[in-house]
Each structure stands twice: as structure tokens, then as C-alpha cells.
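The next block holds one structure in the form of C-alpha cells; read it before the comments.
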Amino acid sequence: MRALSIALVLMLIVLSGCSSGGNGGNSSEGSSGNSGGSSGDVTLTIYTTTNDSAAQDTLKSIADAYTAEHPNVKFEWQFPGNDYENILKMKMAGNDMPDIFDTHGWSKVRYNNFVADLRDQEWVANLSDSMKPIVTDDEGKVYTLPLNAAKDGITYNKGILDKYGIEVPQTLDELIAAGEKIKKESGGEVTPFFFSSTDPASLAQYFDMLATPLLISAEKNHAQELLDGTFDWNNWTPLPAKFKEMYDKGLMNEDVFTVRESDRPQLFAEGKVAFTFSAPTFVPDALAINPDLKVGIMPIPSIVPGDTPTFSGGERYTMAAWKDGKHLDVAKDVINFFGKPENLKKISEVTGTPSAMSNVTPDLGIYTEYYEKYKDIRVFPYFDRVYLPSGMWDVMQTTSAEILSETMTPEDSSQFYKQEVERLKSQQK
């Protein structure tokens with residue numbers, strides 16, 4: 001009888017051990033400090049929108065530091081580039097998300113039902129006042145870790161502007177005039193504006209950035225009409241019309257349909273490109289080619305008379321955890337590790353972007369003077385994240401290429417926008 005009692009006790013101990021986390025981590029506990037409480041080997045998949053090699057290397061090095069502390073945890077990195085959004089949409093449809101993924105500005109609108117609540121993580125208390133409403137909701141749920149903050153305008157080759165005596169343009173007309181001057185005085189050796197149709201986001205970024213000064217930032221604006229569905233899409237036409245004008249005037253690269261986004265650092269480093277509608281995340285690669293390169297950052301120029309320049313903002317790169325992931329506790333522990341001040345500082349510095357945390361002060365080197373100079377410039381959320389339904393980014397990409405190839409007129413593109421906005425909104429009701 002005593003032997004039977006001892007056997008029962010031993011069995012209870014074994015069963016207790018099995019139920020305390022030996023299944024690889026289905027728990028939704030917060031950071032545990034011991035690889036999320038998981039025993040056995042764990043491989044986490046991480047999907048990110050990061051395209052720049054220097055930023056990718058920094059993310060991997062931080063993950064390697066985590067593995068050094070938790071040898072049982074390994075990582076499978078995925079950098080899908082242009083296919084990121086479509087891949088994630090398919091994964092959402094199949095409820096088969098990566099363990100950790102970049103919400104790229106859509107944490108609350110698109111991914112809200114797929115992300116775990118991170119409110120108990122250490123970094124949450126240090127979210128900047130401007131970032132807090134972007135990644136949290138009224139109930140206190142924290143959707144994603146912002147690895148850095150977007151304060152995006154136009155990145156330009158300062159050496160070129162200095163050479164041709166060009167002041168930083170304040171309006172879109174001034175920007176185009178600067179492009180014409182550069183093209184003429186360089187004898188066509190310098191391309192004023194870089195775009196790549198092989199990376200459709202390069203084209204769509206123009207529209208997403210300039211939609212704010214056209215429709216939102218001026219005192220008299222169309223914000224409410226866009227939100228309530230009464231917007232007259234003929235008011236959109238000036239954007240594609242200017243875009244086509246830039247192409248027709250030869251102000252963007254002639255090989256726009258074949259040049260690769262990965263060619264931009266080389267072209268920029270060689271002084272063959274003056275302006276690019278993007279954050280300076282590609283600049284470290286350009287500086288590796290030409291250490292003497294002079295780079296500037298400028299706000300997005302105004303369009304409406306009487307308005308002033310602006311920045312587009314929000315989170316840049318992020319990390320969210322799939323709420324149904326098999327190793328959720330480990331994934332959350334990894335995110336908390338990335339959220340350490342020293343790691344966020346590295347990410348901000350390599351991408352040349354501000355931090356989303358009040359306790360992180362990155363040394364932004366050549367960009368510091370510009371962020372200081374423009375510290376009082378208004379920052380608006382990216383246009384598509386507020387005023388367009390999910391799915392319109394694809395429309396922005398495809399129509400921009402069609403405008404350049406003349407298979408769609410600027411006027412036609414505005415009506416197509418109207419049609420697609422109505423269709424996508426009806427699907428999301």
C-alpha cells in the first residue's frame with residue numbers, strides 16, 4: 001500500500017512538471033527572463049519590412065545577443081520586401097501568422113485581432129506622448145513595440161544643392177523648379193528625383209506623403225470629407241498630374257521601370273540623384289560607398305497657398321507577437337529584450353530616425369542638426385493609415401505605374417481611387 005502511495009505521488013510530480021510550461025510556450029505570461037519559461041529548442045519566425053542591409057544586420061545582432069543568453073532560442077528571419085503586405089494578408093486569411101511581425105503602421109486597424117497585448121512589458125512606460133495613442137487603445141491594450149519613430153520627409157543630397165545654389169524648397173512648385181535647375185545645370189548628369197517601378201512602394205510613397213499637404217494640413221482641408229465618405233475625388237487629381245509632369249519633364253530617372261530600389265544607395269553615393277521621397281534608412285549603405293557624402297533631410301513641401309511644410313509620422317519598424325503563436329511567451333520575452341533602451345538606441349541610429357521612447361536619446365550623427373532644425377515642424381500620421389481603407393496601398397502602387405506608362409490618365413486614376421475606396425470600405429463593414 002505504501003509503495004502504491006509513493007507511486008501516486010511520483011506520478012503527480014511528473015504530471016505537475018509537464019503542465020508547467022514544457023510544451024514549448026503557449027502561455028501568455030509576460031517577460032520571464034529565462035527565454036519565456038520554455039524548455040527545449042524554440043525557433044521563432046520574424047517577418048519585418050526592413051529592406052536596408054545595415055538595419056537588417058543590426059536586428060540580427062540584437063537577436064544573436066538574445067540567443068547568447070538563451071541558447072535554446074533561435075530565429076528564422078524573413079525580409080519579404082515588396083511582397084510583405086500580400087504575404088501577411090495571406091497569413092491572416094489562413095490564421096498562420098509569424099511568431100513576431102512588423103505591423104508597419106497597421107497594428108490597430110489591420111492586425112488588431114492577431115496581436116498579443118504587450119501592456120505588461122517594461123518599455124511601455126517609456127512610450128513617447130506622440131507614439132502612445134498610435135500603438136495603444138482606450139482600454140490600455142498595447143499592440144506593438146515601435147522600434148523607432150517615423151518623422152519622414154524628403155532625403156536629399158546636400159552636396160548637389162550646395163553646388164547649384166539651391167535653398168531647401170518650401171513648396172511643391174519650388175521643389176519641381178529645383179529639379180529643373182539641377183537637370184539643366186548638370187547637363188542631365190544628375191537625376192532630380194529617384195523612383196523605382198520595380199519597387200512599387202517607391203512610387204506610392206510620393207502620393208502618401210504629398211496627400212497630406214494637398215488635402216489635410218492646410219487650415220481649410222478635406223479631412224472630414226475623407227472620413228465621412230463625401231470627398232470629391234476630383235480634388236485628388238493634382239497629385240497624379242504633378243507626378244506625370246515630373247516624368248514628362250525628365251525629372252525622374254529614365255529607367256524608372258527597370259531600376260531597382262537596391263540601386264538607390266549607389267546612385268545617391270555617386271551624386272547621380274538629388275532627392276528621394278523617403279526616410280534616410282538607405283543612407284548608411286550609401287555612406288559605405290562614399291564616406292564624404294553630404295546628406296540632408298527636409299520636410300514635405302506645402303501645396304496649398306498659405307500652408308507650411310510638414311512631416312509624415314508614426315511608427316517605423318515594429319515588433320508584434322502573434323496572440324495564437326505556439327511560443328507566445330518566448331516571443332513576448334524577445335520583444336521585451338528588443339525594447340531595452342540600448343537596443344532601441346542602436347536601431348534608431350542605424351536607421352537615422354528618432355526613437356519612439358522618451359528614455360532613449362540616439363546619436364543621429366549627420367541627421368541631428370536637421371531634426372533639431374525642424375523640431376517644431378508639424379507631424380501628421382501617414383495619409384493612408386488614417387484616411388484610406390486597408391488595401392488602398394496596393395491601389396496607390398499599381399495606379400502610379402499606370403500613370404507613368406500612360407495606360408491611365410491622372411483624371412482616370414482619381415475616379416479609380418473613388419471606386420476602390422468604396423469597394424474596400426463595403427468589404428470591411
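Convention: chains lettered A, B, ... in C-alpha cells order; per-chain residue numbering from 1; ligands numbered from 1 as shown.
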Report as a PyMOL selection string all protein, DNA and RNA residues lying within 8 Å of stretch 83-96 of chain A, evaluated on only C-alpha atoms, omitting residues in the same chain fewer than 3 positions from it. chain A and resi 48-49+79-80+114
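Using only C-alpha atoms, the contacts of A:Ser426 at a cut-off of 10 Å, with sequence neighbours closer than 5 positions omitted, comprise Pro389, Glu420 and Val421 of chain A.
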Selection above as a file: C-alpha atoms, as a compact mmCIF listing (two decimals), in the first residue's frame:
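Listing of out35.txt after writing:
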```
# COMPACT_ATOMS: atom_id res chain seq x y z
CA PRO A 389 -9.26 51.69 -46.10
CA GLU A 420 -11.74 51.27 -54.91
CA VAL A 421 -12.27 53.21 -51.70
```
Hey, what's within 9 Å of A:Pro238 if we count only C-alpha atoms and toss same-chain stuff fewer than 4 positions away? As a ChimeraX atom specification, please? /A:214,234,242-243,410-411
Suppose we keep N, CA, C and O atoms; can you now write the selection as a short mmCIF file (atom, residue, chain, number, x, y, z; two decimals), in the first residue's frame?
```cif
data_model
loop_
_atom_site.label_atom_id
_atom_site.label_comp_id
_atom_site.auth_asym_id
_atom_site.auth_seq_id
_atom_site.Cartn_x
_atom_site.Cartn_y
_atom_site.Cartn_z
N LEU A 214 -1.68 68.35 -49.68
CA LEU A 214 -2.74 68.67 -50.63
C LEU A 214 -4.11 68.72 -49.96
O LEU A 214 -4.92 69.62 -50.23
N ASN A 234 -12.17 64.29 -57.46
CA ASN A 234 -11.53 65.17 -58.44
C ASN A 234 -10.46 66.04 -57.76
O ASN A 234 -9.52 66.51 -58.41
N LYS A 242 0.83 66.21 -61.19
CA LYS A 242 2.20 66.66 -60.92
C LYS A 242 3.20 65.52 -61.12
O LYS A 242 4.32 65.73 -61.60
N PHE A 243 2.79 64.34 -60.73
CA PHE A 243 3.65 63.17 -60.88
C PHE A 243 3.97 62.92 -62.35
O PHE A 243 5.12 62.71 -62.72
N PRO A 410 -4.25 60.90 -65.18
CA PRO A 410 -4.43 61.36 -63.80
C PRO A 410 -5.90 61.44 -63.41
O PRO A 410 -6.27 61.07 -62.29
N GLU A 411 -6.74 61.91 -64.35
CA GLU A 411 -8.18 62.01 -64.05
C GLU A 411 -8.80 60.64 -63.84
O GLU A 411 -9.62 60.43 -62.93
#
```
Residues near A:Gly153, anyone? I mean within 8 Å using only C-alpha atoms, not counting same-chain ones fewer than 5 positions away, as a PyMOL selection string. chain A and resi 209+277-279+297-300+310-312
Output the selection as an mmCIF file, in the first residue's frame - N, CA, C and O atoms for each residue.
```cif
data_model
loop_
_atom_site.group_PDB
_atom_site.id
_atom_site.type_symbol
_atom_site.label_atom_id
_atom_site.label_comp_id
_atom_site.auth_asym_id
_atom_site.auth_seq_id
_atom_site.Cartn_x
_atom_site.Cartn_y
_atom_site.Cartn_z
ATOM 1 N N MET A 209 2.874 60.700 -49.120
ATOM 2 C CA MET A 209 3.466 61.869 -48.461
ATOM 3 C C MET A 209 2.764 63.166 -48.861
ATOM 4 O O MET A 209 2.412 63.989 -48.008
ATOM 5 N N PHE A 277 11.937 60.569 -52.113
ATOM 6 C CA PHE A 277 10.788 60.675 -51.212
ATOM 7 C C PHE A 277 10.818 59.515 -50.216
ATOM 8 O O PHE A 277 10.074 58.540 -50.339
ATOM 9 N N SER A 278 11.693 59.633 -49.241
ATOM 10 C CA SER A 278 11.833 58.537 -48.280
ATOM 11 C C SER A 278 12.616 58.997 -47.070
ATOM 12 O O SER A 278 13.282 60.042 -47.094
ATOM 13 N N ALA A 279 12.540 58.197 -46.022
ATOM 14 C CA ALA A 279 13.389 58.391 -44.853
ATOM 15 C C ALA A 279 14.817 58.009 -45.232
ATOM 16 O O ALA A 279 15.049 57.329 -46.232
ATOM 17 N N ILE A 297 17.980 66.279 -44.687
ATOM 18 C CA ILE A 297 16.589 65.864 -44.524
ATOM 19 C C ILE A 297 15.735 67.117 -44.528
ATOM 20 O O ILE A 297 16.043 68.085 -43.835
ATOM 21 N N MET A 298 14.671 67.122 -45.303
ATOM 22 C CA MET A 298 13.780 68.281 -45.369
ATOM 23 C C MET A 298 12.336 67.846 -45.176
ATOM 24 O O MET A 298 11.969 66.700 -45.480
ATOM 25 N N PRO A 299 11.491 68.724 -44.649
ATOM 26 C CA PRO A 299 10.066 68.398 -44.532
ATOM 27 C C PRO A 299 9.418 68.266 -45.899
ATOM 28 O O PRO A 299 9.995 68.665 -46.920
ATOM 29 N N ILE A 300 8.226 67.727 -45.910
ATOM 30 C CA ILE A 300 7.448 67.619 -47.140
ATOM 31 C C ILE A 300 6.941 69.010 -47.492
ATOM 32 O O ILE A 300 6.327 69.690 -46.657
ATOM 33 N N THR A 310 5.451 70.006 -43.723
ATOM 34 C CA THR A 310 5.083 69.050 -42.680
ATOM 35 C C THR A 310 5.984 67.817 -42.758
ATOM 36 O O THR A 310 6.738 67.651 -43.720
ATOM 37 N N PHE A 311 5.875 66.966 -41.757
ATOM 38 C CA PHE A 311 6.465 65.633 -41.805
ATOM 39 C C PHE A 311 5.351 64.597 -41.746
ATOM 40 O O PHE A 311 4.276 64.850 -41.197
ATOM 41 N N SER A 312 5.599 63.416 -42.314
ATOM 42 C CA SER A 312 4.719 62.260 -42.109
ATOM 43 C C SER A 312 5.308 61.438 -40.974
ATOM 44 O O SER A 312 6.524 61.242 -40.915
#
```
I'd like the interatomic distance between atom CA of A:Asp162 and atom CA of A:Lys183, to a tenth of an Å.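 Distance reported for this atom pair: 14.4 Å.
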Atom pair atom CA of A:Asp64 / atom CA of A:Phe101: separation (Å): 17.4 Å
Excluding same-chain residues fewer than 2 positions from stretch 369-374 of chain A, what lies within 9 Å of it counting only C-alpha atoms, as a PyMOL selection string? chain A and resi 151+296-299+354+364-367+376-378
Go ahead and compute the interatomic distance for atom CA of A:Leu328 and atom CA of A:Ser107, in Å to one decimal.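 Between these atoms lies a distance of 17.3 Å.
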Those in stretch 75-119 of chain A with alpha helix (DSSP H) from DSSP, as a PDB file with all heavy atoms, in the first residue's frame:
```pdb
ATOM      1  N   TYR A  84       5.804  41.921 -48.765  1.00  0.00           N
ATOM      2  CA  TYR A  84       5.465  41.802 -47.343  1.00  0.00           C
ATOM      3  C   TYR A  84       3.958  41.869 -47.100  1.00  0.00           C
ATOM      4  O   TYR A  84       3.372  40.996 -46.453  1.00  0.00           O
ATOM      5  CB  TYR A  84       6.160  42.910 -46.540  1.00  0.00           C
ATOM      6  CG  TYR A  84       5.962  42.759 -45.045  1.00  0.00           C
ATOM      7  CD1 TYR A  84       6.866  42.027 -44.290  1.00  0.00           C
ATOM      8  CD2 TYR A  84       4.867  43.322 -44.390  1.00  0.00           C
ATOM      9  CE1 TYR A  84       6.677  41.865 -42.917  1.00  0.00           C
ATOM     10  CE2 TYR A  84       4.672  43.163 -43.039  1.00  0.00           C
ATOM     11  CZ  TYR A  84       5.577  42.434 -42.301  1.00  0.00           C
ATOM     12  OH  TYR A  84       5.378  42.265 -40.951  1.00  0.00           O
ATOM     13  N   GLU A  85       3.325  42.912 -47.615  1.00  0.00           N
ATOM     14  CA  GLU A  85       1.921  43.124 -47.310  1.00  0.00           C
ATOM     15  C   GLU A  85       1.050  41.984 -47.821  1.00  0.00           C
ATOM     16  O   GLU A  85       0.162  41.488 -47.100  1.00  0.00           O
ATOM     17  CB  GLU A  85       1.463  44.457 -47.901  1.00  0.00           C
ATOM     18  CG  GLU A  85       0.146  44.928 -47.348  1.00  0.00           C
ATOM     19  CD  GLU A  85      -0.081  46.413 -47.614  1.00  0.00           C
ATOM     20  OE1 GLU A  85       0.840  47.091 -48.101  1.00  0.00           O
ATOM     21  OE2 GLU A  85      -1.192  46.877 -47.317  1.00  0.00           O
ATOM     22  N   ASN A  86       1.288  41.526 -49.035  1.00  0.00           N
ATOM     23  CA  ASN A  86       0.478  40.433 -49.582  1.00  0.00           C
ATOM     24  C   ASN A  86       0.711  39.126 -48.839  1.00  0.00           C
ATOM     25  O   ASN A  86      -0.224  38.346 -48.615  1.00  0.00           O
ATOM     26  CB  ASN A  86       0.792  40.255 -51.069  1.00  0.00           C
ATOM     27  CG  ASN A  86       0.247  41.403 -51.915  1.00  0.00           C
ATOM     28  OD1 ASN A  86      -0.770  42.007 -51.570  1.00  0.00           O
ATOM     29  ND2 ASN A  86       0.925  41.706 -53.009  1.00  0.00           N
ATOM     30  N   ILE A  87       1.953  38.878 -48.443  1.00  0.00           N
ATOM     31  CA  ILE A  87       2.259  37.662 -47.680  1.00  0.00           C
ATOM     32  C   ILE A  87       1.536  37.675 -46.346  1.00  0.00           C
ATOM     33  O   ILE A  87       0.921  36.679 -45.940  1.00  0.00           O
ATOM     34  CB  ILE A  87       3.780  37.511 -47.476  1.00  0.00           C
ATOM     35  CG1 ILE A  87       4.448  37.159 -48.803  1.00  0.00           C
ATOM     36  CG2 ILE A  87       4.094  36.440 -46.431  1.00  0.00           C
ATOM     37  CD1 ILE A  87       5.965  37.149 -48.740  1.00  0.00           C
ATOM     38  N   LEU A  88       1.575  38.814 -45.665  1.00  0.00           N
ATOM     39  CA  LEU A  88       0.905  38.899 -44.361  1.00  0.00           C
ATOM     40  C   LEU A  88      -0.610  38.779 -44.499  1.00  0.00           C
ATOM     41  O   LEU A  88      -1.271  38.199 -43.640  1.00  0.00           O
ATOM     42  CB  LEU A  88       1.291  40.193 -43.654  1.00  0.00           C
ATOM     43  CG  LEU A  88       2.476  40.117 -42.673  1.00  0.00           C
ATOM     44  CD1 LEU A  88       2.116  39.332 -41.423  1.00  0.00           C
ATOM     45  CD2 LEU A  88       3.696  39.483 -43.323  1.00  0.00           C
ATOM     46  N   LYS A  89      -1.159  39.306 -45.585  1.00  0.00           N
ATOM     47  CA  LYS A  89      -2.606  39.169 -45.792  1.00  0.00           C
ATOM     48  C   LYS A  89      -2.988  37.700 -45.973  1.00  0.00           C
ATOM     49  O   LYS A  89      -4.020  37.240 -45.453  1.00  0.00           O
ATOM     50  CB  LYS A  89      -3.037  39.985 -47.010  1.00  0.00           C
ATOM     51  CG  LYS A  89      -3.095  41.481 -46.762  1.00  0.00           C
ATOM     52  CD  LYS A  89      -3.501  42.233 -48.024  1.00  0.00           C
ATOM     53  CE  LYS A  89      -3.541  43.730 -47.785  1.00  0.00           C
ATOM     54  NZ  LYS A  89      -3.883  44.478 -49.019  1.00  0.00           N
ATOM     55  N   MET A  90      -2.172  36.953 -46.707  1.00  0.00           N
ATOM     56  CA  MET A  90      -2.442  35.525 -46.880  1.00  0.00           C
ATOM     57  C   MET A  90      -2.318  34.781 -45.561  1.00  0.00           C
ATOM     58  O   MET A  90      -3.101  33.875 -45.263  1.00  0.00           O
ATOM     59  CB  MET A  90      -1.492  34.940 -47.929  1.00  0.00           C
ATOM     60  CG  MET A  90      -1.794  35.361 -49.358  1.00  0.00           C
ATOM     61  SD  MET A  90      -0.832  34.449 -50.593  1.00  0.00           S
ATOM     62  CE  MET A  90       0.817  35.085 -50.276  1.00  0.00           C
ATOM     63  N   LYS A  91      -1.347  35.184 -44.770  1.00  0.00           N
ATOM     64  CA  LYS A  91      -1.167  34.536 -43.479  1.00  0.00           C
ATOM     65  C   LYS A  91      -2.320  34.850 -42.532  1.00  0.00           C
ATOM     66  O   LYS A  91      -2.750  33.995 -41.753  1.00  0.00           O
ATOM     67  CB  LYS A  91       0.180  34.947 -42.866  1.00  0.00           C
ATOM     68  CG  LYS A  91       1.373  34.293 -43.565  1.00  0.00           C
ATOM     69  CD  LYS A  91       2.666  34.559 -42.846  1.00  0.00           C
ATOM     70  CE  LYS A  91       3.775  33.668 -43.393  1.00  0.00           C
ATOM     71  NZ  LYS A  91       3.543  32.241 -43.099  1.00  0.00           N
ATOM     72  N   MET A  92      -2.832  36.058 -42.614  1.00  0.00           N
ATOM     73  CA  MET A  92      -4.008  36.386 -41.813  1.00  0.00           C
ATOM     74  C   MET A  92      -5.201  35.534 -42.233  1.00  0.00           C
ATOM     75  O   MET A  92      -5.944  35.025 -41.386  1.00  0.00           O
ATOM     76  CB  MET A  92      -4.345  37.872 -41.949  1.00  0.00           C
ATOM     77  CG  MET A  92      -3.458  38.799 -41.143  1.00  0.00           C
ATOM     78  SD  MET A  92      -4.106  40.500 -41.071  1.00  0.00           S
ATOM     79  CE  MET A  92      -3.902  41.013 -42.770  1.00  0.00           C
ATOM     80  N   ALA A  93      -5.384  35.399 -43.531  1.00  0.00           N
ATOM     81  CA  ALA A  93      -6.512  34.613 -44.039  1.00  0.00           C
ATOM     82  C   ALA A  93      -6.429  33.162 -43.573  1.00  0.00           C
ATOM     83  O   ALA A  93      -7.457  32.523 -43.315  1.00  0.00           O
ATOM     84  CB  ALA A  93      -6.555  34.674 -45.561  1.00  0.00           C
TER      85      ALA A  93
END
```
Once you count only C-alpha atoms, what closest atom pair and distance in Å to one decimal does each residue of stretch 142-164 of chain A within 9 Å of stretch 316-326 of chain A have, with rows by chain and rising residue number, as CSV?
```
residue,atom,partner,partner_atom,distance
A:Tyr143,CA,A:Ala320,CA,6.6
A:Thr144,CA,A:Ala320,CA,4.5
A:Leu145,CA,A:Met319,CA,5.1
A:Pro146,CA,A:Thr318,CA,4.4
A:Leu147,CA,A:Thr318,CA,5.1
A:Asn148,CA,A:Arg316,CA,5.6
A:Ala149,CA,A:Arg316,CA,5.1
A:Ala150,CA,A:Arg316,CA,4.9
A:Lys151,CA,A:Arg316,CA,8.7
```
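Restricting the calculation to only C-alpha atoms, the smallest distance between A:Glu139 and any of A:Asp102, A:Tyr156, A:Leu404, A:Asp117 is found for A:Asp117.
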I need the residues in stretch 51-279 of chain A that are strand (DSSP E) according to DSSP; give them as a list in words.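 Written out, the strand (DSSP E) residues of stretch 51-279 of chain A are Val73, Lys74, Phe75, Glu76, Trp77, Gln78, Ile100, Phe101, Leu145, Pro146, Ala149, Ala150, Lys151, Asp152, Ile154, Thr155, Tyr156, Asn157, Thr191, Pro192, Phe193, Val273, Ala274, Phe275 and Thr276 of chain A.
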Write out as a PyMOL selection string the residues lying within 10 Å of A:Asp363, counting only C-alpha atoms and excluding same-chain residues fewer than 3 positions away. chain A and resi 345-346+348-350+352-354+360+366-368
For A:Gln415, work out the shell of residues within 12 Å, counting only C-alpha atoms and skipping chain neighbours fewer than 4 positions away, then give it as a list in words.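 Near neighbours after the sequence-gap exclusion: Phe231, Asp232, Trp233, Asn234, Asn235, Trp236, Thr237, Pro240, Val395, Thr399, Met408, Thr409, Pro410, Glu411, Gln419, Glu420, Val421 and Glu422 of chain A.
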Please dump the current selection as a compact mmCIF listing (two decimals), in the first residue's frame; keep all heavy atoms.
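Here's the written file part39.txt:
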```txt
# COMPACT_ATOMS: atom_id res chain seq x y z
N PHE A 231 -15.98 62.93 -49.81
CA PHE A 231 -14.88 63.56 -50.53
C PHE A 231 -15.06 63.47 -52.04
O PHE A 231 -15.42 62.42 -52.57
CB PHE A 231 -13.56 62.89 -50.13
CG PHE A 231 -12.34 63.43 -50.84
CD1 PHE A 231 -11.91 64.73 -50.63
CD2 PHE A 231 -11.62 62.62 -51.72
CE1 PHE A 231 -10.79 65.23 -51.28
CE2 PHE A 231 -10.50 63.11 -52.37
CZ PHE A 231 -10.08 64.41 -52.16
N ASP A 232 -14.85 64.59 -52.71
CA ASP A 232 -14.89 64.65 -54.18
C ASP A 232 -13.51 64.27 -54.68
O ASP A 232 -12.55 65.03 -54.54
CB ASP A 232 -15.26 66.05 -54.64
CG ASP A 232 -15.32 66.18 -56.16
OD1 ASP A 232 -14.98 65.19 -56.86
OD2 ASP A 232 -15.69 67.26 -56.65
N TRP A 233 -13.39 63.11 -55.32
CA TRP A 233 -12.07 62.60 -55.70
C TRP A 233 -11.44 63.36 -56.86
O TRP A 233 -10.28 63.14 -57.19
CB TRP A 233 -12.16 61.10 -56.00
CG TRP A 233 -12.16 60.33 -54.71
CD1 TRP A 233 -13.24 59.88 -54.02
CD2 TRP A 233 -11.00 59.98 -53.93
NE1 TRP A 233 -12.84 59.26 -52.85
CE2 TRP A 233 -11.48 59.31 -52.77
CE3 TRP A 233 -9.64 60.16 -54.10
CZ2 TRP A 233 -10.61 58.82 -51.79
CZ3 TRP A 233 -8.77 59.68 -53.12
CH2 TRP A 233 -9.25 59.03 -51.98
N ASN A 234 -12.17 64.29 -57.46
CA ASN A 234 -11.53 65.17 -58.44
C ASN A 234 -10.46 66.04 -57.76
O ASN A 234 -9.52 66.51 -58.41
CB ASN A 234 -12.57 66.08 -59.11
CG ASN A 234 -13.48 65.30 -60.05
OD1 ASN A 234 -13.01 64.51 -60.86
ND2 ASN A 234 -14.78 65.51 -59.93
N ASN A 235 -10.60 66.23 -56.46
CA ASN A 235 -9.62 67.01 -55.71
C ASN A 235 -8.30 66.26 -55.53
O ASN A 235 -7.32 66.84 -55.04
CB ASN A 235 -10.19 67.39 -54.34
CG ASN A 235 -11.31 68.41 -54.43
OD1 ASN A 235 -11.19 69.40 -55.13
ND2 ASN A 235 -12.41 68.14 -53.74
N TRP A 236 -8.29 64.99 -55.88
CA TRP A 236 -7.07 64.18 -55.81
C TRP A 236 -6.19 64.38 -57.05
O TRP A 236 -4.97 64.21 -56.99
CB TRP A 236 -7.44 62.70 -55.66
CG TRP A 236 -6.29 61.74 -55.63
CD1 TRP A 236 -5.76 61.04 -56.69
CD2 TRP A 236 -5.51 61.37 -54.49
NE1 TRP A 236 -4.72 60.25 -56.27
CE2 TRP A 236 -4.54 60.43 -54.92
CE3 TRP A 236 -5.54 61.72 -53.14
CZ2 TRP A 236 -3.61 59.84 -54.06
CZ3 TRP A 236 -4.62 61.15 -52.28
CH2 TRP A 236 -3.67 60.23 -52.74
N THR A 237 -6.80 64.76 -58.15
CA THR A 237 -6.13 64.78 -59.45
C THR A 237 -4.84 65.60 -59.50
O THR A 237 -3.91 65.21 -60.23
CB THR A 237 -7.11 65.26 -60.54
OG1 THR A 237 -8.28 64.41 -60.52
CG2 THR A 237 -6.48 65.21 -61.92
N PRO A 240 -1.55 63.11 -59.05
CA PRO A 240 -1.08 62.34 -60.21
C PRO A 240 -0.68 63.24 -61.37
O PRO A 240 0.21 62.89 -62.15
CB PRO A 240 -2.26 61.44 -60.56
CG PRO A 240 -3.44 62.05 -59.91
CD PRO A 240 -2.94 62.71 -58.68
N VAL A 395 -3.49 49.83 -54.44
CA VAL A 395 -4.04 50.67 -55.49
C VAL A 395 -3.09 51.83 -55.78
O VAL A 395 -2.85 52.19 -56.94
CB VAL A 395 -5.43 51.20 -55.09
CG1 VAL A 395 -5.97 52.17 -56.15
CG2 VAL A 395 -6.40 50.04 -54.89
N THR A 399 -1.64 52.07 -59.65
CA THR A 399 -2.07 53.21 -60.46
C THR A 399 -0.91 54.15 -60.77
O THR A 399 -0.87 54.76 -61.86
CB THR A 399 -3.19 54.00 -59.77
OG1 THR A 399 -2.75 54.42 -58.47
CG2 THR A 399 -4.45 53.17 -59.64
N MET A 408 -3.24 54.94 -67.91
CA MET A 408 -4.26 55.58 -67.09
C MET A 408 -3.92 57.06 -66.98
O MET A 408 -2.77 57.43 -66.74
CB MET A 408 -4.29 54.94 -65.69
CG MET A 408 -5.32 55.53 -64.75
SD MET A 408 -5.35 54.68 -63.14
CE MET A 408 -6.22 53.16 -63.57
N THR A 409 -4.90 57.92 -67.18
CA THR A 409 -4.67 59.36 -67.04
C THR A 409 -4.79 59.75 -65.57
O THR A 409 -5.39 59.02 -64.77
CB THR A 409 -5.70 60.16 -67.85
OG1 THR A 409 -7.00 59.98 -67.25
CG2 THR A 409 -5.72 59.72 -69.30
N PRO A 410 -4.25 60.90 -65.18
CA PRO A 410 -4.43 61.36 -63.80
C PRO A 410 -5.90 61.44 -63.41
O PRO A 410 -6.27 61.07 -62.29
CB PRO A 410 -3.76 62.74 -63.81
CG PRO A 410 -2.69 62.62 -64.84
CD PRO A 410 -3.29 61.77 -65.92
N GLU A 411 -6.74 61.91 -64.35
CA GLU A 411 -8.18 62.01 -64.05
C GLU A 411 -8.80 60.64 -63.84
O GLU A 411 -9.62 60.43 -62.93
CB GLU A 411 -8.89 62.74 -65.19
CG GLU A 411 -8.52 64.20 -65.34
CD GLU A 411 -7.16 64.42 -66.00
OE1 GLU A 411 -6.62 63.45 -66.59
OE2 GLU A 411 -6.64 65.55 -65.93
N GLN A 419 -13.68 54.58 -56.78
CA GLN A 419 -14.31 53.26 -56.92
C GLN A 419 -13.72 52.27 -55.92
O GLN A 419 -14.46 51.52 -55.26
CB GLN A 419 -14.07 52.76 -58.34
CG GLN A 419 -14.45 51.33 -58.61
CD GLN A 419 -13.97 50.88 -59.99
OE1 GLN A 419 -14.12 51.61 -60.97
NE2 GLN A 419 -13.38 49.69 -60.06
N GLU A 420 -12.39 52.25 -55.79
CA GLU A 420 -11.74 51.27 -54.91
C GLU A 420 -11.96 51.58 -53.45
O GLU A 420 -12.08 50.67 -52.63
CB GLU A 420 -10.24 51.22 -55.23
CG GLU A 420 -9.92 50.58 -56.57
CD GLU A 420 -10.46 49.15 -56.63
OE1 GLU A 420 -9.88 48.26 -55.99
OE2 GLU A 420 -11.48 48.93 -57.32
N VAL A 421 -11.99 52.85 -53.08
CA VAL A 421 -12.27 53.21 -51.70
C VAL A 421 -13.66 52.72 -51.29
O VAL A 421 -13.85 52.12 -50.22
CB VAL A 421 -12.14 54.74 -51.48
CG1 VAL A 421 -12.79 55.16 -50.15
CG2 VAL A 421 -10.69 55.16 -51.50
N GLU A 422 -14.63 52.94 -52.16
CA GLU A 422 -16.00 52.49 -51.87
C GLU A 422 -16.07 50.97 -51.79
O GLU A 422 -16.74 50.41 -50.90
CB GLU A 422 -16.95 53.02 -52.94
CG GLU A 422 -17.11 54.54 -52.91
CD GLU A 422 -17.90 55.07 -54.08
OE1 GLU A 422 -18.23 54.27 -54.99
OE2 GLU A 422 -18.21 56.29 -54.08
```
